[in-house]
>>> print(open('input.tsv').read())   # TSV, C-alpha atoms and all ligand atoms
chain	number	residue	atom	x	y	z
A	265	MET	CA	6.00	-5.04	17.99
A	266	ARG	CA	5.17	-4.36	14.34
A	267	ARG	CA	8.06	-3.25	12.14
A	268	PRO	CA	7.16	-0.06	10.25
A	269	LEU	CA	6.74	-0.23	6.48
A	270	VAL	CA	7.08	2.79	4.20
A	271	ALA	CA	5.87	2.05	0.67
A	272	GLY	CA	6.19	4.40	-2.30
A	273	ASN	CA	3.55	4.12	-5.01
A	274	TRP	CA	5.04	5.73	-8.11
A	275	LYS	CA	1.74	5.43	-10.05
A	276	MET	CA	2.15	6.15	-13.81
A	277	HIS	CA	5.31	8.20	-13.45
A	278	GLY	CA	8.91	7.67	-14.43
A	279	SER	CA	11.36	6.90	-17.21
A	280	CYS	CA	14.42	4.66	-17.22
A	281	THR	CA	16.50	7.74	-16.44
A	282	SER	CA	14.35	9.01	-13.57
A	283	VAL	CA	14.07	5.51	-12.05
A	284	GLU	CA	17.85	5.20	-12.02
A	285	ARG	CA	18.26	8.63	-10.43
A	286	LEU	CA	15.51	8.21	-7.83
A	287	LEU	CA	16.64	4.76	-6.75
A	288	GLY	CA	20.29	5.84	-6.71
A	289	ASP	CA	19.40	8.65	-4.29
A	290	LEU	CA	17.18	6.40	-2.17
A	291	ILE	CA	19.72	3.59	-1.93
A	292	ALA	CA	22.38	6.12	-0.86
A	293	GLY	CA	20.04	7.51	1.80
A	294	VAL	CA	18.44	4.37	3.26
A	295	ALA	CA	20.87	3.30	5.90
A	296	GLU	CA	18.39	2.37	8.61
A	297	GLN	CA	17.36	-1.22	9.09
A	298	GLN	CA	14.48	-0.56	11.50
A	299	VAL	CA	12.02	0.18	8.72
A	300	ASP	CA	10.91	-1.92	5.75
A	301	VAL	CA	11.00	0.14	2.55
A	302	ALA	CA	9.33	-0.81	-0.72
A	303	VAL	CA	8.83	1.00	-4.02
A	304	PHE	CA	6.15	0.34	-6.62
A	305	PRO	CA	7.18	1.44	-10.12
A	306	THR	CA	5.10	0.87	-13.27
A	307	TYR	CA	5.23	-2.68	-14.64
A	308	VAL	CA	7.72	-1.64	-17.31
A	309	HIS	CA	10.20	-0.32	-14.75
A	310	ILE	CA	9.99	-3.22	-12.30
A	311	ALA	CA	12.85	-5.29	-13.74
A	312	GLN	CA	15.11	-2.24	-13.87
A	313	ALA	CA	14.22	-1.31	-10.28
A	314	ILE	CA	14.87	-4.83	-9.04
A	315	GLY	CA	18.28	-4.79	-10.73
A	316	LEU	CA	19.14	-1.45	-9.15
A	317	CYS	CA	17.95	-2.57	-5.69
A	318	THR	CA	19.98	-5.78	-5.62
A	319	GLY	CA	21.90	-5.80	-2.35
A	320	ALA	CA	20.04	-2.71	-1.05
A	321	SER	CA	17.38	-2.79	1.64
A	322	ILE	CA	14.62	-1.61	-0.67
A	323	ALA	CA	12.05	-4.12	-1.94
A	324	VAL	CA	10.19	-3.73	-5.21
A	325	GLY	CA	6.52	-4.39	-5.83
A	326	ALA	CA	3.78	-3.96	-8.42
A	327	GLN	CA	0.84	-1.56	-8.31
A	328	ASP	CA	-1.67	-4.24	-9.33
A	329	CYS	CA	-1.87	-7.68	-10.93
A	330	SER	CA	-4.35	-9.92	-12.68
A	331	CYS	CA	-6.54	-12.41	-10.87
A	332	LYS	CA	-5.83	-14.85	-13.72
A	333	ALA	CA	-2.85	-17.18	-13.93
A	334	SER	CA	-2.34	-16.89	-17.71
A	335	GLY	CA	-4.27	-16.82	-20.96
A	336	ALA	CA	-5.92	-14.48	-23.42
A	337	PHE	CA	-6.15	-11.41	-21.19
A	338	THR	CA	-4.57	-8.64	-23.21
A	339	GLY	CA	-2.69	-6.06	-21.16
A	340	GLU	CA	-2.81	-8.07	-17.93
A	341	VAL	CA	0.14	-9.22	-15.81
A	342	ALA	CA	-0.09	-12.37	-13.67
A	343	ALA	CA	1.13	-12.66	-10.09
A	344	GLN	CA	3.40	-15.49	-11.15
A	345	MET	CA	5.13	-13.21	-13.68
A	346	LEU	CA	5.80	-10.69	-10.92
A	347	CYS	CA	7.19	-13.44	-8.76
A	348	ASP	CA	9.37	-14.62	-11.61
A	349	LEU	CA	10.89	-11.12	-11.92
A	350	GLY	CA	11.73	-11.01	-8.22
A	351	CYS	CA	8.90	-8.77	-7.05
A	352	GLN	CA	8.05	-9.07	-3.39
A	353	TRP	CA	4.92	-6.98	-2.95
A	354	VAL	CA	1.68	-6.15	-4.79
A	355	ILE	CA	-0.70	-3.26	-4.08
A	356	LEU	CA	-4.34	-4.29	-4.52
A	357	GLY	CA	-7.56	-2.30	-4.55
A	358	HIS	CA	-5.99	1.15	-4.76
A	359	SER	CA	-8.79	3.72	-4.93
A	360	GLU	CA	-7.64	4.74	-8.41
A	361	ARG	CA	-8.16	1.13	-9.55
A	362	ARG	CA	-11.56	1.08	-7.86
A	363	GLN	CA	-12.51	4.42	-9.41
A	364	TYR	CA	-11.07	4.26	-12.94
A	365	HIS	CA	-11.19	0.50	-13.52
A	366	SER	CA	-14.38	-0.27	-11.57
A	367	GLU	CA	-12.62	-2.80	-9.36
A	368	SER	CA	-15.06	-4.48	-6.99
A	369	ASP	CA	-14.29	-6.08	-3.64
A	370	GLU	CA	-14.96	-9.42	-5.31
A	371	LEU	CA	-12.30	-8.79	-7.98
A	372	ILE	CA	-9.86	-7.57	-5.35
A	373	ALA	CA	-10.49	-10.78	-3.37
A	374	SER	CA	-9.65	-12.89	-6.42
A	375	LYS	CA	-6.48	-10.88	-7.06
A	376	LEU	CA	-5.56	-11.31	-3.39
A	377	ALA	CA	-5.93	-15.08	-3.72
A	378	ALA	CA	-3.63	-15.05	-6.78
A	379	VAL	CA	-1.01	-12.96	-4.96
A	380	VAL	CA	-1.08	-15.11	-1.83
A	381	GLU	CA	-0.82	-18.29	-3.89
A	382	GLN	CA	2.45	-17.02	-5.37
A	383	GLY	CA	3.87	-16.11	-1.96
A	384	LEU	CA	3.84	-12.38	-2.79
A	385	ARG	CA	2.99	-9.93	-0.03
A	386	PRO	CA	-0.25	-7.99	-0.54
A	387	ILE	CA	-1.03	-4.42	0.47
A	388	VAL	CA	-4.83	-4.18	0.32
A	389	CYS	CA	-6.09	-0.59	0.10
A	390	VAL	CA	-9.35	0.55	1.65
A	391	GLY	CA	-10.86	3.96	2.26
A	392	GLU	CA	-13.99	6.05	2.11
A	393	THR	CA	-14.93	9.01	-0.08
A	394	LEU	CA	-15.59	12.45	1.38
A	395	GLU	CA	-19.32	12.00	0.88
A	396	GLN	CA	-19.25	8.71	2.79
A	397	ARG	CA	-17.28	10.31	5.64
A	398	GLU	CA	-19.60	13.29	5.83
A	399	SER	CA	-22.63	11.04	5.99
A	400	GLY	CA	-21.14	9.04	8.86
A	401	GLN	CA	-20.55	5.86	6.84
A	402	ALA	CA	-16.74	5.82	6.82
A	403	GLU	CA	-16.21	2.92	9.24
A	404	ALA	CA	-18.98	0.81	7.71
A	405	VAL	CA	-17.62	1.35	4.18
A	406	VAL	CA	-14.10	0.38	5.20
A	407	ALA	CA	-15.32	-2.64	7.20
A	408	SER	CA	-17.26	-3.88	4.20
A	409	GLN	CA	-14.23	-3.41	1.87
A	410	ILE	CA	-12.13	-5.47	4.29
A	411	ASP	CA	-14.74	-8.16	4.64
A	412	GLY	CA	-15.21	-8.34	0.85
A	413	ALA	CA	-11.48	-8.59	0.09
A	414	LEU	CA	-10.43	-10.99	2.85
A	415	ARG	CA	-13.30	-13.45	2.75
A	416	GLU	CA	-12.30	-17.07	2.06
A	417	GLN	CA	-8.58	-16.47	1.67
A	418	ALA	CA	-6.14	-19.31	2.25
A	419	ASP	CA	-3.30	-17.59	4.10
A	420	LEU	CA	-3.13	-13.98	5.15
A	421	SER	CA	-0.15	-14.12	7.47
A	422	GLY	CA	1.81	-11.51	5.43
A	423	LEU	CA	-1.16	-9.22	4.82
A	424	VAL	CA	-0.76	-5.44	5.01
A	425	ILE	CA	-3.76	-3.08	4.93
A	426	ALA	CA	-3.45	0.51	3.73
A	427	TYR	CA	-6.12	2.90	4.94
A	428	GLU	CA	-6.30	5.63	2.33
A	429	PRO	CA	-9.24	8.02	2.63
A	430	VAL	CA	-10.06	8.86	-0.98
A	431	TRP	CA	-10.46	12.54	-0.11
A	432	ALA	CA	-6.85	12.69	1.11
A	433	ILE	CA	-5.13	11.05	-1.87
A	434	GLY	CA	-3.16	13.54	-3.92
A	435	THR	CA	-5.24	16.43	-2.57
A	436	GLY	CA	-2.90	17.83	0.06
A	437	LEU	CA	-5.60	17.05	2.66
A	438	THR	CA	-4.52	14.58	5.32
A	439	ALA	CA	-6.65	12.83	7.90
A	440	SER	CA	-5.70	14.18	11.32
A	441	PRO	CA	-3.62	11.73	13.36
A	442	GLU	CA	-6.71	11.20	15.55
A	443	GLN	CA	-9.03	10.53	12.60
A	444	ALA	CA	-6.51	8.12	11.14
A	445	GLN	CA	-5.94	6.37	14.48
A	446	ASP	CA	-9.69	5.92	15.02
A	447	MET	CA	-10.04	4.25	11.63
A	448	HIS	CA	-6.93	2.13	12.10
A	449	ALA	CA	-8.27	0.89	15.45
A	450	SER	CA	-11.56	0.07	13.78
A	451	ILE	CA	-9.73	-1.81	11.00
A	452	ARG	CA	-7.77	-3.79	13.60
A	453	GLY	CA	-11.09	-4.70	15.16
A	454	CYS	CA	-12.33	-5.99	11.79
A	455	LEU	CA	-9.15	-8.03	11.36
A	456	GLU	CA	-9.79	-9.76	14.69
A	457	THR	CA	-12.78	-11.53	13.21
A	458	ALA	CA	-11.18	-12.32	9.82
A	459	ASP	CA	-10.09	-15.92	9.24
A	460	GLY	CA	-6.35	-16.56	8.96
A	461	VAL	CA	-5.33	-13.07	10.11
A	462	GLU	CA	-3.39	-12.29	13.24
A	463	SER	CA	-4.79	-8.86	13.94
A	464	ASN	CA	-2.06	-7.64	16.27
A	465	ALA	CA	0.71	-8.70	13.89
A	466	THR	CA	-0.87	-7.14	10.80
A	467	ARG	CA	0.57	-3.83	9.67
A	468	ILE	CA	-1.92	-1.08	8.85
A	469	LEU	CA	-0.46	1.78	6.79
A	470	TYR	CA	-1.92	5.23	6.42
A	471	GLY	CA	-1.98	6.84	2.97
A	472	GLY	CA	-3.15	10.23	1.79
A	473	SER	CA	-0.83	13.21	1.28
A	474	VAL	CA	1.80	11.90	3.71
A	475	LYS	CA	4.93	14.05	3.73
A	476	GLY	CA	7.91	14.71	5.96
A	477	SER	CA	6.04	17.41	7.86
A	478	ASN	CA	3.06	15.25	8.92
A	479	ALA	CA	4.59	11.76	9.02
A	480	ALA	CA	5.94	11.83	12.58
A	481	ASP	CA	2.56	12.78	14.11
A	482	LEU	CA	0.83	10.01	12.16
A	483	PHE	CA	3.45	7.40	13.13
A	484	GLU	CA	3.07	8.28	16.81
A	485	GLN	CA	-0.40	6.73	16.76
A	486	PRO	CA	-0.46	3.21	18.19
A	487	ASP	CA	-2.21	1.56	15.24
A	488	ILE	CA	-0.39	3.36	12.40
A	489	ASP	CA	2.43	1.10	11.26
A	490	GLY	CA	3.83	3.10	8.36
A	491	ALA	CA	2.65	4.79	5.21
A	492	LEU	CA	1.69	4.24	1.61
A	493	VAL	CA	3.04	7.34	-0.09
A	494	GLY	CA	2.18	8.67	-3.55
A	495	GLY	CA	3.42	12.13	-4.57
A	496	ALA	CA	6.18	12.43	-1.97
A	497	ALA	CA	7.61	9.05	-3.01
A	498	LEU	CA	8.77	10.57	-6.31
A	499	ASP	CA	11.19	12.86	-4.50
A	500	ALA	CA	14.06	11.04	-2.80
A	501	GLY	CA	14.54	13.71	-0.12
A	502	ALA	CA	10.84	13.81	0.78
A	503	PHE	CA	10.54	10.00	0.83
A	504	LEU	CA	13.66	9.66	2.98
A	505	GLU	CA	12.21	12.16	5.46
A	506	ILE	CA	9.15	9.90	5.83
A	507	ILE	CA	11.34	6.81	6.23
A	508	ASN	CA	13.38	8.60	8.89
A	509	ALA	CA	10.19	9.60	10.72
A	510	ALA	CA	9.11	5.94	10.75
A	511	ALA	CA	12.49	4.93	12.19
A	512	GLN	CA	12.10	7.17	15.26
B	1	LIG	C1	-1.47	6.95	-2.96
B	1	LIG	O1	-1.54	7.07	-4.16
B	1	LIG	O2	-1.56	5.83	-2.48
B	1	LIG	C2	-1.29	8.15	-2.15
B	1	LIG	C3	-1.44	8.05	-0.86
B	1	LIG	O3	-0.99	9.32	-2.82
B	1	LIG	P1	-0.55	10.73	-2.13
B	1	LIG	O4	0.51	10.42	-1.11
B	1	LIG	O5	-0.04	11.54	-3.28
B	1	LIG	O6	-1.78	11.30	-1.52
>>> encode(input="input.tsv", output="C-alpha cells")
Amino acid sequence: MRRPLVAGNWKMHGSCTSVERLLGDLIAGVAEQQVDVAVFPTYVHIAQAIGLCTGASIAVGAQDCSCKASGAFTGEVAAQMLCDLGCQWVILGHSERRQYHSESDELIASKLAAVVEQGLRPIVCVGETLEQRESGQAEAVVASQIDGALREQADLSGLVIAYEPVWAIGTGLTASPEQAQDMHASIRGCLETADGVESNATRILYGGSVKGSNAADLFEQPDIDGALVGGAALDAGAFLEIINAAAQ
C-alpha cells in the first residue's frame, strides 16, 4: 500500500507575509495523518517555512538544486545546503526548468545523484508536450525521460515520480483520469526495469491543473498516488480539499 503524497509547488510566488498566512491556514487544516503533505516555497522562504512547520505534519522542500557540491557557481544552491536547513524534499526536472533553463535528462540525473547523496527525497518530474501527445509519442518521451534521469543512480529507494503533461500545467486542462492512469501504469512498467527501484513501492504523482473538483477522480486510479499541485497550492482551502480527497 503506497501512502498518498500531496505536494504543493509554490513556484516564484510569495512574500514573508503570505507564507506565514498560507502555512498558518494549512497547519490549522491538516489534521489527517493518512497523507504525506509537502510544500515547496522559493529558496528564500524555505527557512521561514521550516520554522513555521516545526511540529506540524507538513514537510518542506526545494523546487530545484544544483548538481554541484560547492564552488564558484553564482546563484546556485547545493543539496547539502538544503539538507543543512532541514529540507526534506527536492523537485527535479520540472517542465519549467526543462523549458526555461534548458535542463537535459543528463543534468537532471546529476542533480538526482546530488540529492540522493544528501539523503533528500527527490520528486522527478516527467511529461510530454501537446505536440508529442498528438503525434503518439507520449509514452516513449516519458520513458526516455525516466531512463535518462534514473540511469546509474546509487539508491532510489525514496524516489517519487511526478507525471506532469506539459499541456496540463497551469492551463486548466487536466489529463482525464484514464489518460493519467494509462501513463502512470506505463511509468510503473519503466520503473520495473530501473536499477535500485522498487516499482510497486514507488509513488507516482499526477500534476497538471489538479484542484478539489478533479482530485478525487484522479486519486481513484490504481497507479495515481497523489498530486504535485501548482496554482491550487497557493490557496489553503483549495490545497486542503486536494489533501482531503487523497485521504479518502
Ligand atoms: C506544477 O507546476 O507542477 C503544476 C502542476 O501546476 P498547476 O497545478 O498550476 O497546473
>>> closest_residue(input="input.tsv", among="A:Val461, A:Ala342, A:Ala432, A:Leu498", to="Phe304 of chain A", atoms="all atoms listed in the file")
A:Leu498
>>> residues_near_ligand(input="input.tsv", ligand="ligand LIG 1 (chain B)", cutoff="10 Å", atoms="all atoms listed in the file", output="JSON, numbers by chain")
{"A": [271, 272, 273, 274, 275, 327, 355, 358, 359, 360, 389, 426, 427, 428, 429, 430, 431, 432, 433, 434, 435, 436, 437, 438, 469, 470, 471, 472, 473, 474, 475, 491, 492, 493, 494, 495, 496, 497, 498]}
>>> closest_residue(input="input.tsv", among="A:Glu381, A:Glu416, A:Asp300, A:Glu367", to="Leu269 of chain A", atoms="all atoms listed in the file")
A:Asp300
>>> closest_residue(input="input.tsv", among="A:Ala402, A:Ala465, A:Cys347, A:Ala313", to="Thr281 of chain A", atoms="only C-alpha atoms")
A:Ala313
>>> closest_residue(input="input.tsv", among="A:Cys329, A:Ala480, A:Val283, A:Ile410", to="Gly453 of chain A", atoms="only C-alpha atoms")
A:Ile410
